[in-house]
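What follows is one structure encoded as structure tokens, with my remarks underneath.
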Amino acid sequence: MTYLELVNNVLRRLREDEVSTIAETSYSALVGDFVNDAKQIVENSHSWSAMRTAIDFDTVAGTSIYSLTGAGQYAELREAMNVTSKAIFNMSNRTAMNRNYKINPASGTPTSLAFNGVDDNGDITVQVYPNPDGIYSLYFDTFVPQTSLTADATRLKIPFNPVLQLALAMALRERGETGGQSAAEQFAIADAVLSDAIAFDANKYQEDILYVPV
């Protein structure tokens, strides 16, 4: 469903006129803000299959810090691999990385990985250790939230109904009068719809939730 369709779906439920563009009225623009607020809440509630994104790049000799371009700040890292050496990265932390590079600096095949803040574009950065001594192909299995909806024709990636129902609840709360339906009732509906959507989506990746004896 597109951004404009989401906004018009909310407007109809509020018994308001539909619009041809989101910025057509101040109220439709407000509903657009509610849609984006609801989208972020729904995205943060689950690792949606629609957000699963592969990020890969090659290292540069002597460079240990890299940006996960396009990941933003709210991405979830599921797995990281050094494809060249056919190995899974050991997850570390910033403190351990600082100690490695200050006390025990080394160059070679990267085996450890830690988050290292964000770059000027707001994308997550990571640091690897040892410092790469050549070109290594790195692969990151991530869940990356969609950027805020701005254009009318932009399509929502995650299931639309939880976003629609939550945006409607926000609009009802802001309006203060609902013609019979309270904002609290609508928030309860939104919660139920979200719970169902998460259950359906989680079923797509059952291997991620299986417990295997070791």
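Quick note on naming: the chains in the structure tokens go A, B, ... in the order shown, residues restart at 1 in each chain, and ligands are numbered from 1 in order of appearance.
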
Open item on the list: With DSSP run on the backbone, what are the strand (DSSP E or B) residues within region 42-206 of chain A? I'd like them as a ChimeraX atom specification.
Closed with: /A:52-58,65-67,76-82,87-88,90-91,107-108,112-118,124-129,131-132,137-143,155

Open item on the list: Quick check for you: according to DSSP on this backbone, which residues of region 20-164 of chain A are classed as helix (DSSP H, G or I)? Reply as JSON, numbers by chain.
Closed with: {"A": [22, 23, 24, 26, 27, 28, 29, 30, 31, 32, 33, 34, 35, 36, 37, 38, 39, 40, 41, 42, 43, 44, 49, 50, 51, 94, 95, 96, 97, 98, 99, 100, 101, 102, 103, 160, 161, 162, 163, 164]}

Task: Near-Asn98 (chain A) list (12 Å; only C-alpha atoms; drop same-chain fewer than 5 positions) as a PyMOL selection string - done: chain A and resi 64+92-93+103-105+113-116+127-130

Taking N, CA and C atoms for each residue, export the selection above as a compact mmCIF listing (two decimals), in the first residue's frame.
# COMPACT_ATOMS: atom_id res chain seq x y z
N SER A 64 40.11 -0.30 9.22
CA SER A 64 39.38 -1.21 10.11
C SER A 64 37.92 -0.82 10.33
N SER A 92 32.25 -8.67 19.15
CA SER A 92 33.00 -8.07 20.24
C SER A 92 32.30 -6.78 20.66
N ASN A 93 32.99 -5.91 21.38
CA ASN A 93 32.42 -4.64 21.77
C ASN A 93 33.47 -3.54 21.63
N ILE A 103 46.62 -1.75 22.62
CA ILE A 103 47.57 -2.57 23.37
C ILE A 103 48.15 -3.70 22.52
N ASN A 104 47.30 -4.27 21.65
CA ASN A 104 47.75 -5.43 20.89
C ASN A 104 47.41 -5.26 19.40
N PRO A 105 47.88 -4.20 18.76
CA PRO A 105 47.55 -3.98 17.35
C PRO A 105 48.10 -5.11 16.49
N LEU A 113 34.37 -8.47 15.26
CA LEU A 113 33.58 -7.34 14.77
C LEU A 113 32.90 -6.66 15.95
N ALA A 114 32.84 -5.33 15.91
CA ALA A 114 32.14 -4.58 16.94
C ALA A 114 31.48 -3.35 16.32
N PHE A 115 30.36 -2.94 16.88
CA PHE A 115 29.72 -1.70 16.43
C PHE A 115 30.58 -0.52 16.86
N ASN A 116 30.57 0.53 16.02
CA ASN A 116 31.49 1.64 16.25
C ASN A 116 30.80 2.99 16.01
N GLN A 127 33.69 -1.96 13.30
CA GLN A 127 35.15 -2.08 13.27
C GLN A 127 35.53 -3.54 13.33
N VAL A 128 36.51 -3.93 12.52
CA VAL A 128 36.96 -5.31 12.48
C VAL A 128 38.37 -5.41 13.05
N TYR A 129 38.69 -6.61 13.50
CA TYR A 129 40.03 -6.87 14.06
C TYR A 129 40.41 -8.32 13.73
N PRO A 130 41.64 -8.57 13.37
CA PRO A 130 42.75 -7.64 13.14
C PRO A 130 42.48 -6.67 11.98

Contact table region 32-75 of chain A vs region 161-182 of chain A, cut-off 7 Å, shortest pair per residue, only C-alpha atoms, as a tab-separated table:
residue	atom	partner	partner_atom	distance
A:Phe34	CA	A:Ala167	CA	5.1
A:Val35	CA	A:Ala167	CA	5.0
A:Ala38	CA	A:Val163	CA	5.3
A:Lys39	CA	A:Val163	CA	5.4
A:Val42	CA	A:Val163	CA	6.5

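The two atoms in question, CA of Ala75 (chain A) and CA of Asn90 (chain A), are spaced 18.6 Å apart.
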